[in-house]
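Participant: This is coords.cif (mmCIF, C-alpha atoms and all ligand atoms).
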```cif
data_input
loop_
_atom_site.label_atom_id
_atom_site.label_comp_id
_atom_site.auth_asym_id
_atom_site.auth_seq_id
_atom_site.Cartn_x
_atom_site.Cartn_y
_atom_site.Cartn_z
CA MET A 246 0.00 0.00 0.00
CA LYS A 247 1.35 3.41 -0.95
CA VAL A 248 1.45 5.79 2.01
CA GLU A 249 2.34 9.41 1.46
CA ASN A 250 1.24 12.87 2.51
CA PRO A 251 -1.73 13.66 0.33
CA SER A 252 -2.88 17.24 0.33
CA ASN A 253 -6.63 16.82 0.00
CA PRO A 254 -7.74 13.30 0.95
CA ILE A 255 -11.31 12.20 1.49
CA GLY A 256 -11.79 11.85 5.25
CA ILE A 257 -13.45 8.70 6.60
CA PHE A 258 -14.49 8.81 10.24
CA ASP A 259 -15.75 6.22 12.71
CA SER A 260 -15.82 5.81 16.48
CA GLY A 261 -13.27 3.00 16.08
CA TYR A 262 -12.76 0.22 13.59
CA GLY A 263 -16.20 -0.13 11.98
CA GLY A 264 -15.64 2.51 9.32
CA LEU A 265 -12.78 0.43 7.96
CA THR A 266 -15.39 -1.97 6.54
CA VAL A 267 -16.77 1.00 4.61
CA LEU A 268 -13.36 2.37 3.59
CA LYS A 269 -12.46 -1.07 2.20
CA GLU A 270 -15.40 -0.95 -0.22
CA ILE A 271 -14.86 2.74 -1.06
CA VAL A 272 -11.25 2.05 -2.05
CA LYS A 273 -12.42 -0.84 -4.28
CA GLU A 274 -14.93 1.41 -6.02
CA LEU A 275 -12.80 4.59 -6.13
CA PRO A 276 -9.11 3.56 -5.96
CA GLN A 277 -7.77 6.76 -7.51
CA TYR A 278 -8.51 9.07 -4.55
CA ASP A 279 -6.46 9.78 -1.43
CA TYR A 280 -8.02 8.75 1.89
CA LEU A 281 -7.46 9.67 5.50
CA TYR A 282 -9.13 7.41 8.05
CA LEU A 283 -9.72 8.54 11.62
CA GLY A 284 -10.95 6.09 14.27
CA ASP A 285 -11.79 7.62 17.66
CA SER A 286 -10.93 4.42 19.53
CA ALA A 287 -10.08 6.36 22.70
CA HIS A 288 -13.79 7.21 23.06
CA ALA A 289 -15.46 4.15 21.48
CA PRO A 290 -18.08 2.84 21.70
CA TYR A 291 -20.30 5.79 20.83
CA GLY A 292 -23.51 3.72 20.86
CA SER A 293 -24.29 4.24 24.53
CA ARG A 294 -23.11 7.87 24.73
CA SER A 295 -25.48 10.84 24.99
CA PHE A 296 -26.48 12.96 22.01
CA GLU A 297 -24.22 15.82 23.21
CA GLU A 298 -21.20 13.56 23.72
CA VAL A 299 -21.49 11.98 20.27
CA TYR A 300 -22.00 15.39 18.69
CA ASP A 301 -19.01 16.98 20.48
CA LEU A 302 -16.66 14.07 19.71
CA THR A 303 -17.76 13.81 16.08
CA LEU A 304 -17.41 17.56 15.50
CA GLU A 305 -13.93 17.54 17.01
CA CYS A 306 -12.88 14.68 14.71
CA VAL A 307 -14.38 16.40 11.67
CA LYS A 308 -12.38 19.54 12.52
CA GLN A 309 -9.20 17.45 12.75
CA LEU A 310 -9.89 15.96 9.33
CA PHE A 311 -10.55 19.42 7.88
CA ASN A 312 -7.26 20.64 9.40
CA LYS A 313 -5.48 17.79 7.67
CA GLY A 314 -6.78 19.03 4.33
CA CYS A 315 -9.91 16.90 3.78
CA PRO A 316 -12.46 18.77 1.64
CA LEU A 317 -15.03 16.00 2.15
CA VAL A 318 -15.66 13.83 5.21
CA ILE A 319 -17.79 10.68 5.37
CA LEU A 320 -19.16 9.79 8.80
CA ALA A 321 -18.78 6.01 8.32
CA CYS A 322 -20.59 5.50 11.60
CA ASN A 323 -24.34 5.19 11.97
CA THR A 324 -24.35 6.51 15.52
CA ALA A 325 -22.48 9.67 14.52
CA SER A 326 -24.61 10.00 11.37
CA ALA A 327 -27.76 9.69 13.50
CA LYS A 328 -26.77 12.01 16.30
CA ALA A 329 -24.34 14.56 14.89
CA LEU A 330 -24.63 14.86 11.10
CA ARG A 331 -27.61 17.18 10.83
CA ASN A 332 -26.21 19.68 13.37
CA ILE A 333 -22.79 19.64 11.76
CA GLN A 334 -24.24 20.16 8.27
CA GLN A 335 -26.71 22.87 9.23
CA LYS A 336 -25.09 24.64 12.17
CA ASP A 337 -21.31 24.16 12.05
CA LEU A 338 -20.33 23.82 8.39
CA PRO A 339 -21.57 27.25 7.25
CA ILE A 340 -19.32 28.89 9.89
CA LEU A 341 -16.42 26.43 9.95
CA ALA A 342 -15.89 25.60 6.31
CA PRO A 343 -18.64 26.61 3.89
CA ASN A 344 -16.86 24.96 0.94
CA LYS A 345 -16.37 21.60 2.64
CA ARG A 346 -18.90 18.80 2.98
CA VAL A 347 -19.78 16.11 5.52
CA LEU A 348 -21.91 13.13 4.50
CA GLY A 349 -23.36 10.22 6.49
CA VAL A 350 -24.21 6.57 5.90
CA ILE A 351 -27.88 6.35 6.84
CA ARG A 352 -29.36 8.23 3.90
CA PRO A 353 -27.72 6.18 1.11
CA THR A 354 -28.60 2.98 2.95
CA THR A 355 -32.27 3.82 3.41
CA GLU A 356 -32.61 5.07 -0.15
CA LEU A 357 -31.65 1.66 -1.49
CA ALA A 358 -33.02 -0.66 1.19
CA GLY A 359 -36.63 -0.08 0.16
CA ASN A 360 -35.85 -1.50 -3.27
CA TYR A 361 -34.85 -4.89 -1.85
CA THR A 362 -37.96 -5.67 0.18
CA LYS A 363 -40.92 -7.40 -1.44
CA THR A 364 -43.02 -7.67 1.74
CA LYS A 365 -42.37 -3.99 2.63
CA HIS A 366 -41.23 -5.04 6.10
CA ILE A 367 -37.60 -4.14 6.91
CA GLY A 368 -35.61 -4.91 10.04
CA VAL A 369 -32.80 -2.70 11.34
CA LEU A 370 -30.09 -3.83 13.76
CA GLY A 371 -28.12 -0.97 15.32
CA THR A 372 -26.62 0.58 18.41
CA THR A 373 -28.89 1.95 21.13
CA GLY A 374 -28.06 5.49 19.98
CA THR A 375 -28.97 4.81 16.36
CA VAL A 376 -32.21 3.03 17.27
CA LEU A 377 -33.36 5.68 19.76
CA SER A 378 -32.66 8.46 17.27
CA GLN A 379 -35.36 6.97 14.98
CA SER A 380 -33.16 7.99 12.03
CA TYR A 381 -33.84 4.79 10.08
CA PRO A 382 -37.67 4.88 10.26
CA ILE A 383 -37.62 8.62 9.48
CA GLU A 384 -35.29 8.31 6.48
CA VAL A 385 -36.97 5.16 5.10
CA SER A 386 -40.38 6.88 5.25
CA LYS A 387 -39.01 9.73 3.09
CA PHE A 388 -37.93 7.44 0.26
CA HIS A 389 -40.35 4.54 0.73
CA PRO A 390 -43.45 5.65 2.69
CA GLU A 391 -45.09 2.24 2.17
CA VAL A 392 -42.30 0.37 4.00
CA LYS A 393 -42.59 -0.59 7.70
CA VAL A 394 -39.38 -0.51 9.77
CA TYR A 395 -38.76 -2.69 12.84
CA GLN A 396 -35.70 -1.90 14.93
CA GLU A 397 -33.61 -3.80 17.44
CA ALA A 398 -30.85 -2.25 19.56
CA CYS A 399 -27.86 -4.54 20.11
CA PRO A 400 -25.83 -2.72 22.79
CA LEU A 401 -23.21 -5.45 23.26
CA TRP A 402 -22.38 -6.15 19.63
CA VAL A 403 -19.88 -3.27 19.19
CA PRO A 404 -18.06 -4.06 22.47
CA LEU A 405 -17.90 -7.74 21.39
CA VAL A 406 -16.36 -6.80 18.06
CA GLU A 407 -14.03 -4.15 19.53
CA SER A 408 -12.71 -6.70 22.03
CA GLY A 409 -12.14 -9.30 19.32
CA LYS A 410 -14.82 -11.68 20.67
CA HIS A 411 -16.95 -11.77 17.52
CA ASN A 412 -16.26 -15.47 16.83
CA THR A 413 -17.04 -16.79 20.32
CA THR A 414 -20.01 -18.67 21.81
CA GLU A 415 -20.74 -15.50 23.78
CA ALA A 416 -21.25 -13.74 20.43
CA ASP A 417 -23.49 -16.61 19.22
CA THR A 418 -25.81 -16.24 22.22
CA GLU A 419 -25.87 -12.46 22.01
CA VAL A 420 -26.55 -12.39 18.27
CA LYS A 421 -29.27 -15.07 18.42
CA THR A 422 -31.14 -13.20 21.16
CA HIS A 423 -31.38 -10.00 19.13
CA ILE A 424 -32.19 -11.68 15.81
CA ASP A 425 -35.00 -13.59 17.54
CA ASN A 426 -36.27 -10.36 19.14
CA LEU A 427 -36.27 -8.59 15.79
CA MET A 428 -38.00 -11.42 13.92
CA SER A 429 -40.66 -11.70 16.64
CA ARG A 430 -41.73 -8.11 15.81
CA SER A 431 -42.86 -9.13 12.33
CA PRO A 432 -42.67 -12.51 10.60
CA LYS A 433 -42.93 -10.61 7.31
CA ILE A 434 -39.45 -9.07 7.55
CA ASP A 435 -37.58 -10.08 4.36
CA THR A 436 -34.70 -7.55 4.50
CA ILE A 437 -32.42 -6.70 7.41
CA ILE A 438 -30.12 -3.67 7.43
CA LEU A 439 -26.92 -4.04 9.43
CA GLY A 440 -27.21 -0.47 10.68
CA CYS A 441 -23.77 -0.31 12.27
CA THR A 442 -20.48 -0.42 10.42
CA HIS A 443 -19.04 -2.85 12.97
CA TYR A 444 -21.58 -5.56 12.20
CA PRO A 445 -20.02 -6.93 8.97
CA LEU A 446 -17.47 -8.54 11.32
CA LEU A 447 -20.36 -10.51 12.84
CA ILE A 448 -21.82 -11.51 9.50
CA ASP A 449 -21.02 -15.24 9.78
CA THR A 450 -22.63 -15.39 13.20
CA ILE A 451 -25.63 -13.36 12.05
CA LYS A 452 -26.14 -15.68 9.06
CA LYS A 453 -26.36 -18.66 11.44
CA PHE A 454 -29.51 -17.27 13.02
CA VAL A 455 -31.23 -15.38 10.23
CA PRO A 456 -33.59 -17.42 8.02
CA GLU A 457 -32.01 -18.06 4.62
CA ASN A 458 -34.64 -16.24 2.59
CA ILE A 459 -33.87 -12.93 4.30
CA LYS A 460 -31.65 -10.40 2.52
CA LEU A 461 -28.90 -8.94 4.73
CA ILE A 462 -27.68 -5.48 3.81
CA SER A 463 -24.18 -4.34 4.80
CA GLN A 464 -23.40 -0.71 4.15
CA GLY A 465 -19.91 -0.76 2.64
CA GLU A 466 -20.90 -1.28 -0.99
CA ILE A 467 -23.93 0.97 -0.78
CA VAL A 468 -21.95 3.85 0.69
CA ALA A 469 -19.15 3.35 -1.85
CA LYS A 470 -21.61 3.51 -4.77
CA GLY A 471 -23.34 6.49 -3.16
CA LEU A 472 -20.01 8.34 -2.88
CA LYS A 473 -19.16 7.59 -6.51
CA ASP A 474 -22.51 8.98 -7.55
CA TYR A 475 -22.09 12.03 -5.29
CA LEU A 476 -18.70 12.90 -6.80
CA LYS A 477 -20.16 12.57 -10.29
CA ARG A 478 -23.01 14.92 -9.40
CA HIS A 479 -20.62 17.39 -7.70
CA PRO A 480 -17.65 17.94 -10.04
CA GLU A 481 -16.58 20.98 -7.97
CA MET A 482 -16.07 18.70 -4.95
CA ASP A 483 -14.44 16.01 -7.07
CA ALA A 484 -11.93 18.58 -8.30
CA MET A 485 -11.04 19.45 -4.70
CA CYS A 486 -10.15 15.83 -3.79
CA SER A 487 -6.57 14.80 -4.55
CA LYS A 488 -5.95 11.60 -6.48
CA ALA A 489 -2.71 9.77 -5.74
CA SER A 490 -4.20 6.47 -4.43
CA SER A 491 -2.81 6.88 -0.92
CA ILE A 492 -4.34 5.87 2.42
CA GLU A 493 -3.35 7.17 5.85
CA PHE A 494 -4.75 5.90 9.13
CA PHE A 495 -5.08 7.80 12.40
CA THR A 496 -6.40 6.63 15.75
CA THR A 497 -6.99 8.49 18.99
CA GLY A 498 -6.23 5.21 20.76
CA GLU A 499 -3.16 2.96 20.85
CA THR A 500 -1.64 2.57 17.41
CA LYS A 501 -0.39 -0.99 18.00
CA VAL A 502 -3.80 -2.25 19.05
CA PHE A 503 -5.50 -0.30 16.28
CA ASP A 504 -3.21 -1.81 13.63
CA GLU A 505 -3.77 -5.36 14.89
CA LYS A 506 -7.55 -5.22 15.09
CA GLY A 507 -8.00 -2.75 12.27
CA SER A 508 -6.40 -5.15 9.81
CA LEU A 509 -9.28 -7.56 10.44
CA PHE A 510 -11.82 -4.91 9.49
CA PHE A 511 -9.86 -3.57 6.53
CA GLY A 512 -8.90 -6.99 5.21
CA LYS A 513 -5.18 -6.17 4.98
CA GLY A 514 -2.38 -4.81 7.14
CA ILE A 515 -2.55 -1.19 8.24
CA ARG A 516 -0.16 1.13 10.05
CA SER A 517 -1.71 4.01 11.95
CA LYS A 518 -0.46 7.21 13.57
CA HIS A 519 -1.68 8.55 16.89
CA LEU A 520 -3.85 11.64 16.98
CA HIS A 521 -4.48 13.35 20.29
CA LEU A 522 -8.03 14.53 20.82
N1 LIG B 1 -19.58 1.79 13.78
C1 LIG B 1 -20.46 2.55 14.64
C2 LIG B 1 -21.83 2.62 14.00
O1 LIG B 1 -21.94 2.40 12.79
C3 LIG B 1 -20.39 1.97 16.02
C4 LIG B 1 -20.87 2.88 17.04
C5 LIG B 1 -20.26 2.70 18.40
O2 LIG B 1 -19.12 3.10 18.58
O3 LIG B 1 -20.97 2.20 19.27
O4 LIG B 1 -22.82 2.92 14.63
#
```
Show how you would write the structure in this file as structure tokens.

Facilitator:
Amino acid sequence: MKVENPSNPIGIFDSGYGGLTVLKEIVKELPQYDYLYLGDSAHAPYGSRSFEEVYDLTLECVKQLFNKGCPLVILACNTASAKALRNIQQKDLPILAPNKRVLGVIRPTTELAGNYTKTKHIGVLGTTGTVLSQSYPIEVSKFHPEVKVYQEACPLWVPLVESGKHNTTEADTEVKTHIDNLMSRSPKIDTIILGCTHYPLLIDTIKKFVPENIKLISQGEIVAKGLKDYLKRHPEMDAMCSKASSIEFFTTGETKVFDEKGSLFFGKGIRSKHLHL
């Protein structure tokens, strides 16, 4: 992997490792751009934090990415997208950096998810923060008013993944409980959104307990295609993003731990630098 000092990379942000599952797909779809990933591992998980905490932390990380030259930042975290995106876009951006943009992951996911369901019953698995924000039902109703959304909060899934326990019997029990809860809300659910960027790491476990006829939607590919489309529709933003195929990783946590675990999420070795927040 080529690592250099790109001047205007696309910033990818997550509370920890989850966004790496999104970055992986973005790089496949758009390999020519420069990327700067920031994982706020020192403060993860965000899922159980208050609205104000998630907003403050996310805004601080966005500012850091702007300072490092990013003209465009993707919040590759559902919790941050649910709790901080709107405020940042409407309140902070016009003052901070009117020419820069911050995008989330919930909108592109909901736009497409309605096209997959035949029964018009969709399930969403997410963190407590994402579920309580009601962002998924609200966004789905904008694009697909006929679709019913059933949500299930899975507060232990991110801690399980972050602590590397996603392939254990503990994970099996935890995942089964929440899939059963979700399916008991409506037997008509035929599509389930993995509404947290950490959950692709649990996909094998999830598949064990989800009936085979149900479509599981991970966000990586959807967000990558959405970004490609966005850059096509906004040539002025595309022109601001540098293109030297480089990737840099930053963590607010321990770099050694981040590199070890992060490689699992990214699918290949990574080497991060520490960023103090
Ligand atoms: N990857 C984040 C998300 O998509 C996890 C949030 C957390 O840190 O709890 O919601």

Participant: Extract, using all atoms listed in the file, all DNA, RNA and protein residues at most 6 Å from Ala289 of chain A, discarding same-chain residues fewer than 2 positions from it, and format them as a PyMOL selection string.

Facilitator: chain A and resi 260-261+286-287+291

Participant: Kindly work out which residues sit at most 9 Å from ligand LIG 1 (chain B), using only C-alpha atoms and all ligand atoms, and give the list as a VMD selection string.

Facilitator: chain A and resid 259 to 264 285 to 286 288 to 294 320 to 327 350 371 to 375 400 to 404 407 439 to 444

Participant: If you measure from atom CA of Leu405 of chain A to atom CA of Ile448 of chain A, what distance in Å do you get, rounded to one decimal?

Facilitator: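 According to the coordinates, atom CA of Leu405 of chain A and atom CA of Ile448 of chain A are separated by 13.1 Å.
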
Participant: What is the distance between atom CA of Ile492 of chain A and atom CA of Val468 of chain A, in Å to one decimal?

Facilitator: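 Calculated distance between atom CA of Ile492 of chain A and atom CA of Val468 of chain A is 17.8 Å.
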
Participant: Identify which of the residues A:Phe511, A:Tyr278, A:Val347, A:Val318 lies closest to Pro445 of chain A, counting all atoms listed in the file when measuring atom-to-atom distances.

Facilitator: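 Selected residue with least distance to Pro445 of chain A: A:Phe511.
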
Participant: To one decimal place in Å, what is the distance between atom CA of Ile340 of chain A and atom CA of Gly314 of chain A?

Facilitator: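 Distance between the two atoms: 16.9 Å.
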
Participant: Between A:Ile257, A:Leu338, A:Asn332, A:Asp449, single out the one closest to Cys306 of chain A, counting only C-alpha atoms.

Facilitator: A:Ile257

Participant: From the options A:Asp337, A:Asp483, A:Glu493, A:Glu505, which residue's atoms come nearest to Ser408 of chain A, counting only C-alpha atoms?

Facilitator: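 Among the listed residues, A:Glu505 lies closest to Ser408 of chain A.
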
Participant: Quick one: everything within 10 Å of segment 377-386 of chain A, counting all atoms listed in the file, minus sequence neighbours fewer than 5 positions away in the same chain. Send it as a PyMOL selection string.

Facilitator: chain A and resi 296+323-324+326-328+351-359+367-369+371-372+391-398+438+440

Participant: Would you kindly return, as a PyMOL selection string, each protein, DNA or RNA residue with an atom no farther than 12 Å from any atom of Pro343 of chain A, considering all atoms listed in the file and excluding same-chain residues fewer than 6 positions away?

Facilitator: chain A and resi 311+316-317+333-337

Participant: Which is closest to Leu310 of chain A among A:Lys345, A:Arg516, A:Leu509, A:Lys365, if we use all atoms listed in the file?

Facilitator: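 With all atoms listed in the file as the atom set, the closest residue is A:Lys345.
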
Participant: Could you check which of A:Asp504, A:Glu466, A:Asp301, A:Glu415 is closest to Lys273 of chain A, using only C-alpha atoms?

Facilitator: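 Selected residue with least distance to Lys273 of chain A: A:Glu466.
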
Participant: Here is a test: counting only C-alpha atoms, which residue of A:Leu461, A:Val502, A:Ile451, A:Leu446 is nearest to Gly284 of chain A?

Facilitator: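 Among the listed residues, the smallest separation from Gly284 of chain A belongs to A:Val502.
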